[in-house]
Amino acid sequence: MEIEQRLRAVFVAALDLGEDADVETLEYRGIEEWDSVGHMTLVAAIEDEFDVQLDTDQVLDLSSFKVALDLVRQLRG
Amino acid sequence: MSLVPELAELTAYHRERCAEYDRILAALGAGDTFAEVADLPWLPVRLFKTHELKSIPDSEVFRVLTSSGTTGAPSRIFLDKAAAAAQTRQLSATLQRVLGPSRLPMLVVDRKSIVRSSSARGAGVLGMANFGRKHVYLLDESEQPDLAALQRFLDTHGGEPFLVFGFTFLVWQYLYVLAREHGLDLSNGILIHSGGWKKLADRAVDNAEFRRRFAEDTGLRRIHNYYGMVEQIGTVFVEGPSGDGLYCPDFADVVIRDPRTWAEQPVGVPGVIEVVSTLPRSYPGHVLLTEDLGVCHGIDDGDWPGKRFTVLGRLPKAEVRGCSDTVAA
């Protein structure tokens with residue numbers, strides 16, 4: 001639960017969303033803010049917040065909040 | 001493995017979905033059986049400037065890419081969601097051959113705001129940014145090199161492999177000059193660059209000279225030029241490690257054609273470059289005659305397996321117009 005809250009905050013900050021944004025259902029390119037430039041910012045923010053490194057395929061696979069959450073959990077073991 | 005069956009299927013696929021493409025092929029008298037890649041009907045790349053060619057319904061258009069054509073209208077390339085994802089995926093597969101699976105610290109030889117512009121330069125930087133992390137931009141917003149930023153980047157990341165990306169003339173004009181002047185060590189860098197040599201011709205810098213000077217003056221030896229165009233987004237032809245030519249990814253090919261007879265040229269004889277890729281599914285861009293002149297140096301005789309070729313420059317205008325007329329007829 002704690003990771004999910006932190007990841008939510010990362011999404012809101014990196015993509016410049018409102019506090020009440022429906023982050024849990026977000027998909028890559030589903031909203032204007034999460035375009036390819038936003039994606040770069042988001043990946044960097046996730047790496048900083050959780051002290052993890054995503055490889056290229058993981059960056060390309062990161063297509064939704066849900067996928068991001070599973071990935072962060074997996075990377076943190 | 002031959003690409004012909006998949007390309008033949010793609011040709012039929014696009015004829016069914018893009019009425020204009022079907023009309024053009026019918027006018028050319030194109031058949032539907034092909035013995036080899038060179039037998040497939042091609043479109044001159046400039047048709048994408050004058051025609052809206054797409055194989056998806058308007059409601060499925062997700063991104064429209066435009067080229068930065070030097071003259072006249074830009075090309076317009078239509079992608080649906082699947083095509084946008086596929087091009088990123090295939091670009092990644094191609095570049096992982098030289099970069100490996102992990103994202104390296106990345107020095108971008110451009111300004112940060114370029115990614116927000118709709119230029120070809122911006123699209124190039126953005127497409128490549130996925131392959132790096134901790135991005136540092138060499139140029140400030142007035143396009144002046146930022147020596148302090150470069151030194152900080154090298155202090156932090158210079159001791160491990162790092163990625164350098166930029167357009168050829170910017171890389172030369174800014175990174176090379178700065179590194180040489182200040183004796184910077186770029187020996188752990190892997191440079192990926194593109195954009196052609198025209199702007200460097202007046203400085204007498206060609207590919208060989210570029211590689212030699214970078215190696216001697218900065219220690220940077222892992223250099224890969226690449227060739228690609230927006231009309232075949234996601235397909236790039238990457239230079240082998242020793243600089244012995246550009247190579248095709250396994251889903252693509254090139255055919256060098258005689259500009260008078262359109263027959264395929266033998267190895268060593270320059271001609272017009274046709275680029276072939278199984279990637280385009282949202283628009284009929286799988287077989288395109290470019291406006292570039294190139295030469296095939298050999299097959300299965302270089303750094304990597306397959307065909308290796310060099311881009312020699314732009315085709316003289318009259319000849320380009322000639323090939324366009326072929327299709328208009």
# chains A, B, ... in the order shown; residues from 1 in each chain; ligands from 1
>>> interface_residues(of="chain A", to="chain B", cutoff="12 Å", atoms="only C-alpha atoms", output="compact mmCIF listing (two decimals) with all heavy atoms, in the first residue's frame")
# COMPACT_ATOMS: atom_id res chain seq x y z
N TYR A 28 -0.48 4.98 -20.77
CA TYR A 28 0.46 5.75 -21.57
C TYR A 28 -0.23 6.27 -22.83
O TYR A 28 -0.88 5.51 -23.54
CB TYR A 28 1.65 4.87 -21.93
CG TYR A 28 2.73 5.55 -22.74
CD1 TYR A 28 3.02 6.90 -22.57
CD2 TYR A 28 3.48 4.83 -23.66
CE1 TYR A 28 4.02 7.51 -23.31
CE2 TYR A 28 4.48 5.43 -24.39
CZ TYR A 28 4.75 6.77 -24.22
OH TYR A 28 5.74 7.37 -24.95
N ARG A 29 -0.09 7.53 -23.08
CA ARG A 29 -0.69 8.21 -24.23
C ARG A 29 -2.21 8.29 -24.16
O ARG A 29 -2.88 8.63 -25.12
CB ARG A 29 -0.26 7.57 -25.56
CG ARG A 29 1.21 7.86 -25.83
CD ARG A 29 1.68 7.19 -27.11
NE ARG A 29 2.98 7.69 -27.52
CZ ARG A 29 3.94 6.96 -28.09
NH1 ARG A 29 3.74 5.69 -28.31
NH2 ARG A 29 5.08 7.49 -28.44
N GLY A 30 -2.76 7.90 -22.99
CA GLY A 30 -4.20 8.00 -22.81
C GLY A 30 -4.62 9.42 -22.48
O GLY A 30 -5.75 9.82 -22.72
N ASP A 35 2.55 11.90 -22.56
CA ASP A 35 3.04 11.66 -23.91
C ASP A 35 4.49 11.19 -23.80
O ASP A 35 4.96 10.88 -22.71
CB ASP A 35 2.90 12.93 -24.76
CG ASP A 35 3.70 14.10 -24.18
OD1 ASP A 35 4.41 13.91 -23.16
OD2 ASP A 35 3.60 15.21 -24.73
N SER A 36 5.20 11.16 -24.92
CA SER A 36 6.55 10.59 -24.85
C SER A 36 7.51 11.47 -24.04
O SER A 36 8.45 10.96 -23.43
CB SER A 36 7.10 10.30 -26.25
OG SER A 36 6.74 11.31 -27.15
N VAL A 37 7.27 12.78 -24.01
CA VAL A 37 8.12 13.63 -23.17
C VAL A 37 7.79 13.39 -21.69
O VAL A 37 8.69 13.21 -20.86
CB VAL A 37 7.92 15.13 -23.52
CG1 VAL A 37 8.79 15.99 -22.61
CG2 VAL A 37 8.27 15.39 -24.97
N GLY A 38 6.49 13.32 -21.39
CA GLY A 38 6.07 13.01 -20.03
C GLY A 38 6.60 11.65 -19.57
O GLY A 38 6.97 11.47 -18.41
N HIS A 39 6.67 10.72 -20.50
CA HIS A 39 7.15 9.37 -20.19
C HIS A 39 8.59 9.40 -19.68
O HIS A 39 8.94 8.73 -18.71
CB HIS A 39 7.04 8.50 -21.43
CG HIS A 39 7.09 7.02 -21.15
ND1 HIS A 39 6.11 6.36 -20.44
CD2 HIS A 39 8.02 6.08 -21.47
CE1 HIS A 39 6.43 5.07 -20.35
NE2 HIS A 39 7.59 4.88 -20.96
N MET A 40 9.43 10.21 -20.36
CA MET A 40 10.83 10.36 -19.93
C MET A 40 10.92 10.88 -18.50
O MET A 40 11.69 10.38 -17.68
CB MET A 40 11.52 11.40 -20.84
CG MET A 40 12.24 10.83 -22.02
SD MET A 40 12.67 12.19 -23.15
CE MET A 40 13.83 13.13 -22.18
N THR A 41 10.13 11.92 -18.24
CA THR A 41 10.13 12.53 -16.91
C THR A 41 9.65 11.52 -15.87
O THR A 41 10.23 11.40 -14.79
CB THR A 41 9.18 13.75 -16.90
OG1 THR A 41 9.45 14.55 -18.06
CG2 THR A 41 9.35 14.58 -15.65
N LEU A 42 8.61 10.80 -16.23
CA LEU A 42 8.02 9.83 -15.32
C LEU A 42 9.01 8.71 -14.97
O LEU A 42 9.18 8.36 -13.79
CB LEU A 42 6.75 9.24 -15.95
CG LEU A 42 6.03 8.17 -15.14
CD1 LEU A 42 5.47 8.76 -13.85
CD2 LEU A 42 4.90 7.55 -15.97
N VAL A 43 9.66 8.17 -15.99
CA VAL A 43 10.62 7.08 -15.75
C VAL A 43 11.75 7.55 -14.82
O VAL A 43 12.12 6.87 -13.86
CB VAL A 43 11.19 6.55 -17.09
CG1 VAL A 43 12.38 5.63 -16.85
CG2 VAL A 43 10.11 5.81 -17.86
N ALA A 44 12.26 8.74 -15.10
CA ALA A 44 13.34 9.28 -14.26
C ALA A 44 12.86 9.47 -12.82
O ALA A 44 13.57 9.16 -11.86
CB ALA A 44 13.83 10.61 -14.83
N ALA A 45 11.61 9.93 -12.66
CA ALA A 45 11.07 10.17 -11.32
C ALA A 45 10.87 8.86 -10.56
O ALA A 45 11.13 8.77 -9.36
CB ALA A 45 9.76 10.94 -11.43
N ILE A 46 10.41 7.84 -11.27
CA ILE A 46 10.24 6.52 -10.63
C ILE A 46 11.59 5.98 -10.18
O ILE A 46 11.75 5.48 -9.06
CB ILE A 46 9.55 5.52 -11.60
CG1 ILE A 46 8.09 5.92 -11.84
CG2 ILE A 46 9.63 4.10 -11.06
CD1 ILE A 46 7.38 5.11 -12.92
N GLU A 47 12.60 6.12 -11.05
CA GLU A 47 13.93 5.62 -10.70
C GLU A 47 14.49 6.33 -9.47
O GLU A 47 15.11 5.71 -8.60
CB GLU A 47 14.88 5.78 -11.90
CG GLU A 47 14.53 4.84 -13.04
CD GLU A 47 15.55 4.83 -14.17
OE1 GLU A 47 16.11 5.90 -14.48
OE2 GLU A 47 15.79 3.76 -14.73
N ASP A 48 14.28 7.64 -9.42
CA ASP A 48 14.79 8.41 -8.28
C ASP A 48 14.05 8.05 -6.99
O ASP A 48 14.66 7.82 -5.96
CB ASP A 48 14.64 9.91 -8.55
CG ASP A 48 15.66 10.40 -9.59
OD1 ASP A 48 16.62 9.63 -9.85
OD2 ASP A 48 15.49 11.50 -10.12
N VAL A 52 15.66 2.53 -8.22
CA VAL A 52 15.71 1.36 -9.09
C VAL A 52 16.19 1.82 -10.47
O VAL A 52 16.23 3.01 -10.75
CB VAL A 52 14.31 0.71 -9.24
CG1 VAL A 52 13.87 0.10 -7.91
CG2 VAL A 52 13.28 1.72 -9.76
N GLN A 53 16.59 0.84 -11.29
CA GLN A 53 16.94 1.15 -12.67
C GLN A 53 16.12 0.31 -13.62
O GLN A 53 16.13 -0.92 -13.52
CB GLN A 53 18.43 0.87 -12.91
CG GLN A 53 19.28 2.11 -12.78
CD GLN A 53 20.72 1.85 -13.20
OE1 GLN A 53 20.99 1.10 -14.13
NE2 GLN A 53 21.64 2.50 -12.52
N LEU A 54 15.43 0.96 -14.51
CA LEU A 54 14.65 0.24 -15.52
C LEU A 54 15.52 0.03 -16.75
O LEU A 54 16.28 0.92 -17.14
CB LEU A 54 13.41 1.06 -15.91
CG LEU A 54 12.18 1.00 -14.99
CD1 LEU A 54 12.50 1.56 -13.62
CD2 LEU A 54 11.02 1.77 -15.62
N ASP A 55 15.44 -1.16 -17.35
CA ASP A 55 16.15 -1.32 -18.62
C ASP A 55 15.23 -0.86 -19.76
O ASP A 55 14.07 -0.50 -19.54
CB ASP A 55 16.70 -2.74 -18.80
CG ASP A 55 15.62 -3.80 -18.93
OD1 ASP A 55 14.51 -3.45 -19.36
OD2 ASP A 55 15.90 -4.97 -18.63
N THR A 56 15.78 -0.87 -20.98
CA THR A 56 15.05 -0.29 -22.12
C THR A 56 13.68 -0.95 -22.32
O THR A 56 12.68 -0.26 -22.50
CB THR A 56 15.89 -0.42 -23.40
OG1 THR A 56 17.13 0.24 -23.18
CG2 THR A 56 15.19 0.23 -24.58
N ASP A 57 13.64 -2.28 -22.27
CA ASP A 57 12.37 -2.96 -22.50
C ASP A 57 11.34 -2.60 -21.44
O ASP A 57 10.15 -2.48 -21.73
CB ASP A 57 12.57 -4.48 -22.57
CG ASP A 57 13.24 -4.90 -23.88
OD1 ASP A 57 13.11 -4.14 -24.86
OD2 ASP A 57 13.88 -5.96 -23.91
N GLN A 58 11.80 -2.44 -20.22
CA GLN A 58 10.86 -2.07 -19.15
C GLN A 58 10.30 -0.66 -19.36
O GLN A 58 9.14 -0.41 -19.08
CB GLN A 58 11.56 -2.19 -17.78
CG GLN A 58 11.78 -3.64 -17.37
CD GLN A 58 12.78 -3.80 -16.23
OE1 GLN A 58 13.68 -2.98 -16.05
NE2 GLN A 58 12.64 -4.88 -15.47
N VAL A 59 11.14 0.23 -19.86
CA VAL A 59 10.66 1.58 -20.17
C VAL A 59 9.57 1.52 -21.25
O VAL A 59 8.54 2.19 -21.16
CB VAL A 59 11.82 2.49 -20.62
CG1 VAL A 59 11.29 3.81 -21.18
CG2 VAL A 59 12.76 2.75 -19.46
N LEU A 60 9.81 0.69 -22.26
CA LEU A 60 8.86 0.59 -23.37
C LEU A 60 7.58 -0.13 -22.94
O LEU A 60 6.51 0.12 -23.48
CB LEU A 60 9.49 -0.13 -24.56
CG LEU A 60 10.76 0.52 -25.14
CD1 LEU A 60 11.25 -0.26 -26.35
CD2 LEU A 60 10.52 1.97 -25.51
N ASP A 61 7.70 -1.04 -21.95
CA ASP A 61 6.53 -1.80 -21.49
C ASP A 61 5.67 -1.02 -20.50
O ASP A 61 4.56 -1.44 -20.18
CB ASP A 61 6.99 -3.10 -20.81
CG ASP A 61 7.47 -4.13 -21.83
OD1 ASP A 61 7.09 -4.01 -23.00
OD2 ASP A 61 8.22 -5.04 -21.44
N LEU A 62 6.21 0.07 -19.99
CA LEU A 62 5.53 0.78 -18.91
C LEU A 62 4.33 1.56 -19.46
O LEU A 62 4.39 2.74 -19.74
CB LEU A 62 6.53 1.73 -18.23
CG LEU A 62 6.25 2.12 -16.79
CD1 LEU A 62 7.56 2.42 -16.08
CD2 LEU A 62 5.37 3.34 -16.71
N SER A 63 3.24 0.83 -19.61
CA SER A 63 2.11 1.38 -20.39
C SER A 63 0.94 1.82 -19.53
O SER A 63 -0.03 2.37 -20.05
CB SER A 63 1.63 0.32 -21.38
OG SER A 63 1.32 -0.87 -20.68
>>> select_by_dssp(residues="stretch 50-251 of chain B", states="helix (DSSP H, G or I)", output="VMD selection string")
chain B and resid 50 58 to 60 81 to 99 112 to 116 120 to 129 147 to 157 168 to 181 198 to 203 207 to 218 230 to 232
>>> residues_around(residues="stretch 59-61 of chain B", least_positions_apart="4", cutoff="8 Å", atoms="only C-alpha atoms", output="list in words")
Phe78, Leu79, Asp80 and Lys81 of chain B
>>> residues_around(residues="A:Ala21", least_positions_apart="5", cutoff="12 Å", atoms="only C-alpha atoms", output="mmCIF file with all heavy atoms, in the first residue's frame")
data_model
loop_
_atom_site.group_PDB
_atom_site.id
_atom_site.type_symbol
_atom_site.label_atom_id
_atom_site.label_comp_id
_atom_site.auth_asym_id
_atom_site.auth_seq_id
_atom_site.Cartn_x
_atom_site.Cartn_y
_atom_site.Cartn_z
ATOM 1 N N ARG A 8 1.780 6.842 -6.759
ATOM 2 C CA ARG A 8 0.720 7.764 -7.146
ATOM 3 C C ARG A 8 1.242 9.208 -7.097
ATOM 4 O O ARG A 8 1.046 9.996 -8.029
ATOM 5 C CB ARG A 8 -0.474 7.608 -6.203
ATOM 6 C CG ARG A 8 -1.685 8.361 -6.667
ATOM 7 C CD ARG A 8 -2.859 8.248 -5.715
ATOM 8 N NE ARG A 8 -4.052 8.803 -6.356
ATOM 9 C CZ ARG A 8 -4.261 10.099 -6.533
ATOM 10 N NH1 ARG A 8 -3.396 10.982 -6.098
ATOM 11 N NH2 ARG A 8 -5.335 10.531 -7.167
ATOM 12 N N ALA A 9 1.960 9.520 -6.019
ATOM 13 C CA ALA A 9 2.516 10.872 -5.863
ATOM 14 C C ALA A 9 3.541 11.170 -6.966
ATOM 15 O O ALA A 9 3.605 12.287 -7.494
ATOM 16 C CB ALA A 9 3.150 11.013 -4.487
ATOM 17 N N PHE A 11 3.539 9.918 -10.031
ATOM 18 C CA PHE A 11 2.773 10.170 -11.257
ATOM 19 C C PHE A 11 2.216 11.590 -11.268
ATOM 20 O O PHE A 11 2.327 12.310 -12.260
ATOM 21 C CB PHE A 11 1.611 9.151 -11.390
ATOM 22 C CG PHE A 11 1.959 7.943 -12.206
ATOM 23 C CD1 PHE A 11 2.804 6.967 -11.696
ATOM 24 C CD2 PHE A 11 1.447 7.774 -13.495
ATOM 25 C CE1 PHE A 11 3.127 5.835 -12.444
ATOM 26 C CE2 PHE A 11 1.769 6.646 -14.254
ATOM 27 C CZ PHE A 11 2.606 5.684 -13.728
ATOM 28 N N VAL A 12 1.614 11.978 -10.145
ATOM 29 C CA VAL A 12 0.986 13.304 -10.073
ATOM 30 C C VAL A 12 2.028 14.403 -10.295
ATOM 31 O O VAL A 12 1.816 15.337 -11.073
ATOM 32 C CB VAL A 12 0.267 13.485 -8.710
ATOM 33 C CG1 VAL A 12 -0.115 14.950 -8.500
ATOM 34 C CG2 VAL A 12 -0.968 12.585 -8.642
ATOM 35 N N ALA A 13 3.189 14.241 -9.654
ATOM 36 C CA ALA A 13 4.227 15.269 -9.771
ATOM 37 C C ALA A 13 4.874 15.252 -11.161
ATOM 38 O O ALA A 13 5.022 16.295 -11.797
ATOM 39 C CB ALA A 13 5.278 15.062 -8.684
ATOM 40 N N LEU A 15 3.857 14.042 -14.051
ATOM 41 C CA LEU A 15 2.990 14.354 -15.187
ATOM 42 C C LEU A 15 2.197 15.640 -14.967
ATOM 43 O O LEU A 15 1.387 16.026 -15.802
ATOM 44 C CB LEU A 15 2.031 13.183 -15.462
ATOM 45 C CG LEU A 15 2.704 11.843 -15.785
ATOM 46 C CD1 LEU A 15 1.661 10.768 -16.025
ATOM 47 C CD2 LEU A 15 3.611 11.965 -17.009
ATOM 48 N N ASP A 16 2.465 16.268 -13.833
ATOM 49 C CA ASP A 16 1.827 17.547 -13.547
ATOM 50 C C ASP A 16 0.300 17.423 -13.543
ATOM 51 O O ASP A 16 -0.408 18.189 -14.196
ATOM 52 C CB ASP A 16 2.289 18.582 -14.597
ATOM 53 C CG ASP A 16 2.203 19.995 -14.041
ATOM 54 O OD1 ASP A 16 1.968 20.145 -12.829
ATOM 55 O OD2 ASP A 16 2.348 20.940 -14.840
ATOM 56 N N LEU A 26 -4.729 5.302 -15.289
ATOM 57 C CA LEU A 26 -4.000 5.977 -16.372
ATOM 58 C C LEU A 26 -3.291 4.992 -17.295
ATOM 59 O O LEU A 26 -2.736 3.992 -16.843
ATOM 60 C CB LEU A 26 -2.938 6.923 -15.794
ATOM 61 C CG LEU A 26 -3.399 8.286 -15.286
ATOM 62 C CD1 LEU A 26 -2.175 9.108 -14.913
ATOM 63 C CD2 LEU A 26 -4.220 8.996 -16.364
ATOM 64 N N ILE A 31 -3.693 10.187 -21.899
ATOM 65 C CA ILE A 31 -3.950 11.606 -21.621
ATOM 66 C C ILE A 31 -2.812 12.433 -22.205
ATOM 67 O O ILE A 31 -1.704 11.924 -22.427
ATOM 68 C CB ILE A 31 -4.049 11.896 -20.099
ATOM 69 C CG1 ILE A 31 -2.780 11.403 -19.384
ATOM 70 C CG2 ILE A 31 -5.292 11.278 -19.494
ATOM 71 C CD1 ILE A 31 -2.638 11.916 -17.972
ATOM 72 N N GLU A 33 -0.956 14.701 -20.945
ATOM 73 C CA GLU A 33 0.237 14.883 -20.110
ATOM 74 C C GLU A 33 1.186 13.694 -20.183
ATOM 75 O O GLU A 33 2.385 13.842 -20.010
ATOM 76 C CB GLU A 33 -0.169 15.091 -18.640
ATOM 77 C CG GLU A 33 -0.888 16.404 -18.371
ATOM 78 C CD GLU A 33 -2.389 16.320 -18.644
ATOM 79 O OE1 GLU A 33 -2.855 15.293 -19.196
ATOM 80 O OE2 GLU A 33 -3.096 17.287 -18.306
#
>>> atom_distance(atom1="atom CA of B:Leu170", atom2="atom CA of B:Ala149")
16.2 Å
>>> select_by_dssp(residues="stretch 61-257 of chain B", states="strand (DSSP E or B)", output="MDAnalysis selection string")
chainID B and resid 63:66 76:79 104:111 132:139 145 162:167 189:194 222:227 237:239 246:247 252:257
>>> atom_distance(atom1="atom CA of A:Glu4", atom2="atom CA of A:Leu17")
16.4 Å
>>> residues_around(residues="B:Gln173", least_positions_apart="6", cutoff="12 Å", atoms="only C-alpha atoms", output="PyMOL selection string")
chain B and resi 109-110+138-139+143-145+166-167+179-181+199-200+203+205+210+214
>>> write_last_selection(atoms="N, CA and C atoms", output="PDB file, in the first residue's frame")
ATOM      1  N   VAL B 109      23.489  15.749 -27.648  1.00  0.00           N
ATOM      2  CA  VAL B 109      24.135  16.910 -28.257  1.00  0.00           C
ATOM      3  C   VAL B 109      23.056  17.753 -28.932  1.00  0.00           C
ATOM      4  N   ASP B 110      22.292  18.425 -28.091  1.00  0.00           N
ATOM      5  CA  ASP B 110      21.211  19.286 -28.559  1.00  0.00           C
ATOM      6  C   ASP B 110      20.756  20.092 -27.349  1.00  0.00           C
ATOM      7  N   LEU B 138      23.912  18.950 -24.043  1.00  0.00           N
ATOM      8  CA  LEU B 138      25.165  19.691 -24.207  1.00  0.00           C
ATOM      9  C   LEU B 138      24.930  21.159 -24.535  1.00  0.00           C
ATOM     10  N   LEU B 139      23.843  21.454 -25.234  1.00  0.00           N
ATOM     11  CA  LEU B 139      23.618  22.832 -25.665  1.00  0.00           C
ATOM     12  C   LEU B 139      22.638  23.536 -24.744  1.00  0.00           C
ATOM     13  N   GLU B 143      21.573  27.482 -28.011  1.00  0.00           N
ATOM     14  CA  GLU B 143      22.354  26.556 -28.838  1.00  0.00           C
ATOM     15  C   GLU B 143      23.850  26.771 -28.718  1.00  0.00           C
ATOM     16  N   GLN B 144      24.283  27.185 -27.537  1.00  0.00           N
ATOM     17  CA  GLN B 144      25.716  27.275 -27.278  1.00  0.00           C
ATOM     18  C   GLN B 144      26.123  26.097 -26.389  1.00  0.00           C
ATOM     19  N   PRO B 145      27.311  25.541 -26.636  1.00  0.00           N
ATOM     20  CA  PRO B 145      27.724  24.391 -25.827  1.00  0.00           C
ATOM     21  C   PRO B 145      27.997  24.798 -24.377  1.00  0.00           C
ATOM     22  N   GLY B 166      23.302  12.561 -31.139  1.00  0.00           N
ATOM     23  CA  GLY B 166      23.067  13.874 -31.718  1.00  0.00           C
ATOM     24  C   GLY B 166      23.138  13.829 -33.226  1.00  0.00           C
ATOM     25  N   PHE B 167      22.784  14.953 -33.834  1.00  0.00           N
ATOM     26  CA  PHE B 167      22.893  15.045 -35.275  1.00  0.00           C
ATOM     27  C   PHE B 167      24.350  15.293 -35.652  1.00  0.00           C
ATOM     28  N   ALA B 179      35.584  18.916 -26.851  1.00  0.00           N
ATOM     29  CA  ALA B 179      36.364  17.839 -26.233  1.00  0.00           C
ATOM     30  C   ALA B 179      37.841  17.960 -26.606  1.00  0.00           C
ATOM     31  N   ARG B 180      38.095  18.327 -27.845  1.00  0.00           N
ATOM     32  CA  ARG B 180      39.482  18.463 -28.279  1.00  0.00           C
ATOM     33  C   ARG B 180      40.147  19.655 -27.600  1.00  0.00           C
ATOM     34  N   GLU B 181      39.430  20.778 -27.594  1.00  0.00           N
ATOM     35  CA  GLU B 181      40.000  21.995 -26.996  1.00  0.00           C
ATOM     36  C   GLU B 181      40.337  21.816 -25.532  1.00  0.00           C
ATOM     37  N   LYS B 199      26.482  19.281 -44.355  1.00  0.00           N
ATOM     38  CA  LYS B 199      26.914  20.468 -43.623  1.00  0.00           C
ATOM     39  C   LYS B 199      28.383  20.403 -43.206  1.00  0.00           C
ATOM     40  N   LEU B 200      28.979  19.236 -43.318  1.00  0.00           N
ATOM     41  CA  LEU B 200      30.390  19.108 -42.935  1.00  0.00           C
ATOM     42  C   LEU B 200      31.309  19.045 -44.147  1.00  0.00           C
ATOM     43  N   ARG B 203      34.033  21.507 -44.507  1.00  0.00           N
ATOM     44  CA  ARG B 203      35.172  21.352 -43.592  1.00  0.00           C
ATOM     45  C   ARG B 203      35.989  20.107 -43.944  1.00  0.00           C
ATOM     46  N   VAL B 205      35.154  17.077 -43.831  1.00  0.00           N
ATOM     47  CA  VAL B 205      34.989  15.981 -42.874  1.00  0.00           C
ATOM     48  C   VAL B 205      34.011  14.970 -43.450  1.00  0.00           C
ATOM     49  N   PHE B 210      35.841  11.800 -39.609  1.00  0.00           N
ATOM     50  CA  PHE B 210      35.065  11.970 -38.378  1.00  0.00           C
ATOM     51  C   PHE B 210      35.479  10.904 -37.354  1.00  0.00           C
ATOM     52  N   PHE B 214      37.808  11.743 -33.940  1.00  0.00           N
ATOM     53  CA  PHE B 214      37.218  11.466 -32.632  1.00  0.00           C
ATOM     54  C   PHE B 214      38.096  10.480 -31.853  1.00  0.00           C
TER      55      PHE B 214
END
